[in-house]
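A.B. asks: Once you've had a glance at the structure underneath, I'll fire off some questions.
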Amino acid sequence: MSTHAPGAQLVALPATLDEAVAALADNPAAVPVAGGTDLMAGVNAGMLRPAALVGLGRLAELRGWAYQDGHALLGACLTHARMSRPDFSALIPALATAARAAGPPQVRNAGTLGGNIISAAPSGDTLPVLAALEATLLVAAPDGEGRQIPVSHLLAGRDRLNPGELLAHVRVPLLHAPQTFLKATARTGPSRALASVAVVLDPLRREVRCAVGAVAPMPLRPLDAERWVASLVDWDGQRGLAPEALAAFGDYVGMACIPDPRPAGDGGEPAQLAPAVLHLRRTVAALARRGLGRALR
Amino acid sequence: MAQAHGPADAATSISLPTATGSRPKPARATPHGLGTSLPPAEAQSKARGTFPYTADLWAEGLLWAAVLRSPHPHARIRSIDTTDAAAMPGVRAVVTHEDLEGDGLLGRRVADRPAFASDVVRYHGEPLAAVAADHPETARLAAAAIAVEYEPLDAVTNPQRAFEAEPLHPDGNVVRHIPLRHGDPHATGEVVVEGFYRIGRQDSAPIGAESGLAVPRPDGGVEVYVAATDPHTDRDRLAGCLGLTAEQVKLYVTGVPGSLGDREDQSFQLPLALLAIRTGCPVKLAATREESFLGHAHRHPTLLRYWHHADREGRLVKVEAQLVLDAGAYADDSAEALAAAVSFAAGPYVVPNAVVDGWAVRTNNPPAGFLRGEGAMQVCAAHEGQMDRLAAQLGMDPAELRARNVLATGDSLPTGQAVTCPAPVAELLAAVREAPLPSLPKDGPIEDWLLPGGPDGAGDPAAVRRGVGYALGMVHMLGAEGTDEVSTATVRVENSTATVLCAAVETGQGFATLARQVVQEVLGIDDVVVAPVDTDQPPAGPGGRGRHTWVSAGAVERAARMVRTQLLQPLAANFGMSAELLNIEDGRITSYDGVLSTPVVEALEGKELWATAQCRPHPTEPLDAAGQGDAFVGLAFAAVRAVVDVDVELGSVRVVEMAVAQDVGRVLNPRQLRTRIEAGVTQGIGAALTEHLRVVRGEVRHADLTGYQLATALDAPEVKVVALVEERDVVAPFGAKAAGAPPLVVSPAAVAAAVRAATGQPVNRLPIKPQFAVGVTE
């Protein structure tokens with residue numbers, strides 16, 4: 001039943017990035033697996049049958065991070081547990097918070113940043129943070145000719161990994177400013193986000209960047225709301241905003257991410273959003289207001 | 001977990017739980033006998049992961065089974081073609097309804113459900129065929145390769161539509177209707193409050209999914225190794241379905257990985273047995289979580305409309321209610337669940353007049369069946385919602401309103417049955433009212449705050465409101481309405497070891513530990529072993545509703561007493577004294593005056609002593625055409641005070657503390673009792689906040705533990721047992737009452753009451769999704 005080429009390895013366990021890329025080149029049908037928290041659940045449920053696997057567990061070089069021109073180069077195999085720790089939290093606070101919120105300890109110990117991006121689940125907790133940070137994905141390819149993809153392009157499906165390519169690093173800017181990630185859930189214990197909001201401040205560019213997760217297939221950026229609120233902030237003085245401004249920002253974000261239905265073309269009554277959707281919009285608004293408020297505090 | 005103690009001046013009948021139990025025993029190295037916290041024999045092996053569950057079983061040359069289930073909630077079956085599946089390499093047998101030589105029906109209480117659908121499927125997940133193959137994946141692929149031609153039919157998924165819909169089943173769409181009329185149906189109160197409540201579809205979601213192993217027998221019969229909680233009923237039904245005699249089918253009960261209802265569903269047992277007979281090989285099945293959700297029964301989703309009439313002082317005049325229980329396509333225990341729902345529709349309150357109409361109806365939704373607290377849990381959430389509404393209408397304190405109406409021994413239920421057992425409802429309510437409230441988070445350091453939404457969540461202290469809510473509720477014990485509730489047990493003594501043989505299944509409820517305690521108490525022998533259960537033993541009946549504590553432990557006690565008499569009578573005769581003057585302890589028989597002191601081993605003189613006894617409580621009667629009758633053997637009550645924090649913008653709820661006062665009759669094992677209460681409260685919080693199996697137009701969605709959210713350790717609040725009221729029920733063998741169900745029944749109502757208090761919203765749906773907590777009603 002297996003579709004793998006005769007003689008090809010069913011499971012490769014490369015020790016270096018080059019070996020991993022070579023293994024993928026040998027068998028382009030092979031699926032890279034890092035923490036396996038999504039992939040193996042699908043395999044165990046009989047939903048996925050990868051022809052072969054390239055295990056990334058031994059790739060020590062992708063499990064940490066490096067610094068480059070005011071950016072952090074995060075290894076794709078960085079686990080959520082590692083990102084939760086205080087040293088990482090000091091670098092990219094919102095990503096650390098999202099990693100801490102991403103499921104129970106067993107999942108955080110295994111699940112990786114790269115896996116979160118490639119799985120691209122709408123509720124993926126790190127995704128809105130990466131979108132707000134405007135992270136860049138560094139992709140390794142067999143010819144040594146790697147390329148860079150903005151994370152939003154991959155998540156929106158504007159670009160995708162080609163066969164043989166491997167997500168190696170994620171480049172995020174080090175902004176040295178407050179960031180927040182807030183997540184609404186139905187229970188107190190680990191749970192998928194009903195909605196999540198990441199807010200990052202970029203004082204150098206005098207920008208507020210915000211992304212909303214879990215309410216759409218990919219994180220949403222309310223660009224107008226970002227620009228409007230950034231213009232209100234006194235970047236050289238006390239950054240705090242009045243509660244009314246924060247609330248207006250929240251409503252702006254909520255409206256941008258969950259807009260009212262377009263009026264009916266025939267001039268009839270405009271469609272109404274379901275009460276549960278309106279609650280979701282209010283949830284997004286509250287998260288955005290709180291997130292920005294905490295970032296500017 | 002820290003344990004707060006209630007007020008010291010509480011009524012004398014209220015015992016405060018302590019570490020050593022409420023009945024102090026003489027100091028002893030190891031717990032022994034009733035009233036002590038004897039640990040379960042299997043505690044170590046369960047904690048170490050060596051306890052054998054069914055999924056661990058193996059047999060040489062075993063095959064794997066897979067079941068084909070309907071993807072449609074309602075469809076006519078045009079054809080089933082198994083040719084391709086049977087031709088797949090590794091497939092050893094494919095079976096359908098045509099292979100059943102008996103009546104082909106399943107169902108523990110009512111055999112109204114085809115083992116394999118033949119002409120029509122009535123719910124998403126209904127079995128159609130099964131495959132045995134040499135590998136589980138092959139079996140699954142082969143099951144998927146069975147070609148079924150369906151003609152989809154309109155699915156009846158709104159239970160209110162079931163009344164007019166075409167019959168979904170030859171037995172009609174109304175499984176049961178109970179029109180209860182009590183007192184003056186035309187009585188009216190000065191104040192009337194109306195409410196509409198909806199209760200969701202809770203699943204038992206056991207920690208271990210269904211599994212089993214069947215081994216063919218040379219005589220054409222079959223042996224099934226399965227975590228059955230009512231093995232004899234299952235054996236008889238399997239035999240009837242397969243066209244075998246009961247003697248040809250034997251069930252061995254294996255380790256039960258969690259049971260809050262019935263296990264294992266017969267739809268898992270039957271394919272195993274049939275495939276083992278057909279192939280002549282052992283056959284194993286291990287369900288995935290999705291199959292588990294699709295394959296077993298859930299709690300009855302319920303719609304409830306209420307009108308409470310009261311006078312200006314808050315005394316109830318009349319309760320009117322209409323209840324509709326969604327039974328799914330098959331009857332299962334819906335008739336019993338409905339009886340409990342109708343009988344307890346008004347709650348543990350004195351209600352002179354009642355008009356309650358309850359229906360259990362068939363739909364194409366997933367099947368509903370027995371989950372502990374059946375019927376009672378749904379109505380508790382509603383009648384307590386009504387009490388809160390009434391209190392608001394009258395401008396009264398909700399707890400005070402309840403106190404004015406509580407039931408007591410000697411009062412009548414709306415079924416006309418006089419409450420003869422202890423009913424210390426007033427004491428329970430007083431105990432939770434008097435218990436000190438937990439401190440507000442702002443009194444502690446900010447990093448200790450656990451806000452709704454959890455650690456690192458979105459909770460904002462400025463948006464968090466605290467609410468306190470009270471609820472009272474009741475359950476019945478044992479089977480109701482004339483069920484013959486009997487259990488049989490055998491006690492054997494050899495050397496200095498006693499063995500208990502009883503077909504009551506240890507499901508985690510603690511029966512095996514209690515049986516050991518009972519024998520220790522009666523025979524003074526510490527070394528007691530409870531034998532594994534199989535269907536060659538006499539039946540002990542199903543578990544649940546405190547049944548085994550009553551009838552099975554009662555039978556164990558009687559058998560142990562008979563053994564004691566056999567042991568002591570000859571000795572006593574030798575000494576010319578009565579056997580009552582002899583005592584057994586630490587393996588020695590001693591006389592009251594100390595003259596005689598003989599080791600038990602010596603007294604036995606190499607003999608084995610056996611005794612078998614039965615326990616059968618007083619009979620009950622079915623509810624009559626007006627819902628009247630002495631239907632219940634016993635009742636158990638609980639009061640719960642919930643303290644919750646609600647983020648009033650996001651609607652997220654965190655339960656801070658649950659204070660429980662419970663009518664337990666007698667504490668038999670303090671630690672086990674506490675565990676049962678904590679488990680019941682936690683399951684109740686799941687039902688209150690998150691647990692609901694989502695179904696869209698009859699199709700089950702998110703049948704996994706990510707989509708179906710159980711309470712986690714972070715969701716479980718501090719459970720304060722503020723009072724265990726020990727008023728023995730004189731007709732029960734030990735005076736003890738059901739322990740697990742009452743906190744489960746009452747907790748969801750208490751959480752809803754607390755959320756109501758925090759938000760001012762009506763909160764009339766369970767589970768309380770975030771949008772319901774902020775007033776969205778759809």
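Just so we're on the same page: first chain in the structure tokens is A, next is B, and so on; residues restart at 1 for each chain, and ligands are numbered from 1 in the order they show up.
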Counting only C-alpha atoms, collect the residues of chain B whose closest atom lies at most 6 Å from chain A, and write them out as a list of chain:residue names.
C.D. replies: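 Within 6 Å of chain A on chain B, we get B:Gly453, B:Gly454, B:Gly457, B:Ala458, B:Leu650, B:Thr712, B:Leu714, B:Asp715.
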A.B. asks: As a VMD selection string, please: all residues of range 127-290 of chain B that backbone DSSP puts in helix (DSSP H, G or I).
C.D. replies: chain B and resid 136 to 145 159 to 161 231 to 242 246 to 248 266 to 279 289 to 290
A.B. asks: Excluding Leu450 in chain B and any residue of its chain fewer than 4 positions from it, enumerate the residues within 9 Å of it, using only C-alpha atoms, and give them as JSON, numbers by chain.
C.D. replies: {"A": [188], "B": [441, 446, 454, 455, 459, 654, 656]}
A.B. asks: Write out as a list in words each polymer residue whose atoms come within 6 Å of Ala76 in chain A, counting only C-alpha atoms; drop sequence neighbours fewer than 6 positions from it.
C.D. replies: Leu62, Leu113, Gly114, Ala168 and His169 of chain A
A.B. asks: So which residues touch range 233-242 of chain A within 7 Å, counting only C-alpha atoms, skipping near sequence neighbours fewer than 3 positions away, as a list in words?
C.D. replies: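 In the requested format, the answer is Pro203, Arg206, Val229, Ala230, Ala245, Leu246, Leu296 and Arg297 of chain A.
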A.B. asks: Measure the distance from CA of Pro222 in chain A to CA of Cys257 in chain A in Å and round it to one decimal.
C.D. replies: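 CA of Cys257 in chain A lies at a distance of 6.8 Å from CA of Pro222 in chain A.
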A.B. asks: Tell me which protein, DNA and RNA residues are within 12 Å of range 65-72 of chain A, counting only C-alpha atoms, leaving out same-chain ones fewer than 3 positions away, and put them as a ChimeraX atom specification.
C.D. replies: /A:60-62,75-79,82-83,87-88,91-92,113,133-137,168-176,204
A.B. asks: In Å, rounded to a single decimal, give me how far CA of Gly261 in chain B is from CA of Ala560 in chain B.
C.D. replies: 29.5 Å
